[in-house]
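**Q** Structure incoming, see below.
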Amino acid sequence: MSRGPRAHVVDRQKTLRLDTRRLAVETGAVLREVGFPGDLSLVLVDDAEMASLHGRFSGHPTPTDVLPFALDGPEVPGADFPVADVVLSVETAARDAKARGLRPRTEVLLYAVQGVLHLCGEDDHDPVRARRMDRRTLRLLGSLGYRHRIGRRT
């Protein structure tokens, strides 16, 4: 019997002290709920590193909330290595959480969920698809016992 996908957290930021074990467990639960095909590395960075990655991979050298990366390689069911990375900016999460009156760790988890959904083919670049992704995000957060108020940047 397969153990299901797991999340592995790599913390490269100093903005916020987070319980990375809890974040890994919660993200792993999301991976299993959406039927993700393998393990995931969740990489926590600061705005400077995120801006560098965003510039290199998207042509926009500014910080953003989350960048998902599907990794190329053999598809091995039950593999003990990540098949994707989700990089998220903890500094951006802290700012957005403050503006929304939420705990920063809740915003970090929101970004993790959104990164997973992007890897599953969800898109938030047009209003209709963004609303659908928001509903799915809120449902997944709710299944973990979190409440959130997603507010789109305009």
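Residue numbering restarts at 1 for every chain of the structure tokens, chains are lettered A, B, ... in their displayed order, and ligands are numbered from 1 as they appear.
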At a cut-off of 10 Å, using only C-alpha atoms, what residues contact A:Tyr111? Leave out same-chain residues fewer than 3 positions from it and give the result as a VMD selection string.
**A** chain A and resid 65 to 67 86 to 90 92 to 93 105 to 108 114 to 117 137
**Q** Need to verify the contact set: A:Ala70, 8 Å, only C-alpha atoms, exclusion of same-chain residues closer than 3 positions in sequence. Can you return it as number ranges by chain?
**A** A: 83-85, 119
**Q** So how many Å separate atom CA of A:Glu91 and atom CA of A:Leu16, to one decimal?
**A**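 It comes out at 7.9 Å.
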**Q** Considering only C-alpha atoms, can you say which of A:Ala94, A:Val10, A:Pro68, A:His148 comes closest to A:His54?
**A**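 Once distances to A:His54 are computed over only C-alpha atoms, the minimum belongs to A:Pro68.
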**Q** What's the separation between atom CA of A:Lys98 and atom CA of A:Gln13, in Å to one decimal place?
**A**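 So the answer is 18.1 Å.
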**Q** Go through A:Ala97, A:Leu53, A:Leu109, A:Met133 one by one, measure the shortest atom-to-atom distance of each to A:Thr20 using only C-alpha atoms, and give the residue with the smallest value.
**A**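 Looking at the shortest contact to A:Thr20, the residue is A:Leu109.
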**Q** Please identify the alpha helix (DSSP H) residues within chain A (assignment by DSSP from backbone atoms) and present them as a VMD selection string.
**A** chain A and resid 20 to 34 47 to 58 90 to 100 104 to 119 127 to 143
**Q** Would you give me, as a PyMOL selection string, the residues in stretch 6-87 of chain A that DSSP reads as strand (DSSP E)?
**A** chain A and resi 7-11+39-45+66-70+82-87
**Q** For each of A:Leu144, A:Ile150, A:Leu31, A:Val113, take the minimum atom-to-atom distance to A:Ala130, counting only C-alpha atoms, then give the residue where this is smallest.
**A**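 Of all the options, A:Ile150 lies closest to A:Ala130.
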**Q** Name all residues at most 12 Å from A:Arg147 (count only C-alpha atoms; drop same-chain ones fewer than 5 positions away) and give them as an NGL selection string.
**A** :A and (100-103 or 106-107 or 109-110 or 137-142)
**Q** So what do you get for atom CA of A:Gly28 versus atom CA of A:His8, distance-wise?
**A**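 One can read the atom CA of A:Gly28 to atom CA of A:His8 distance as 8.5 Å.
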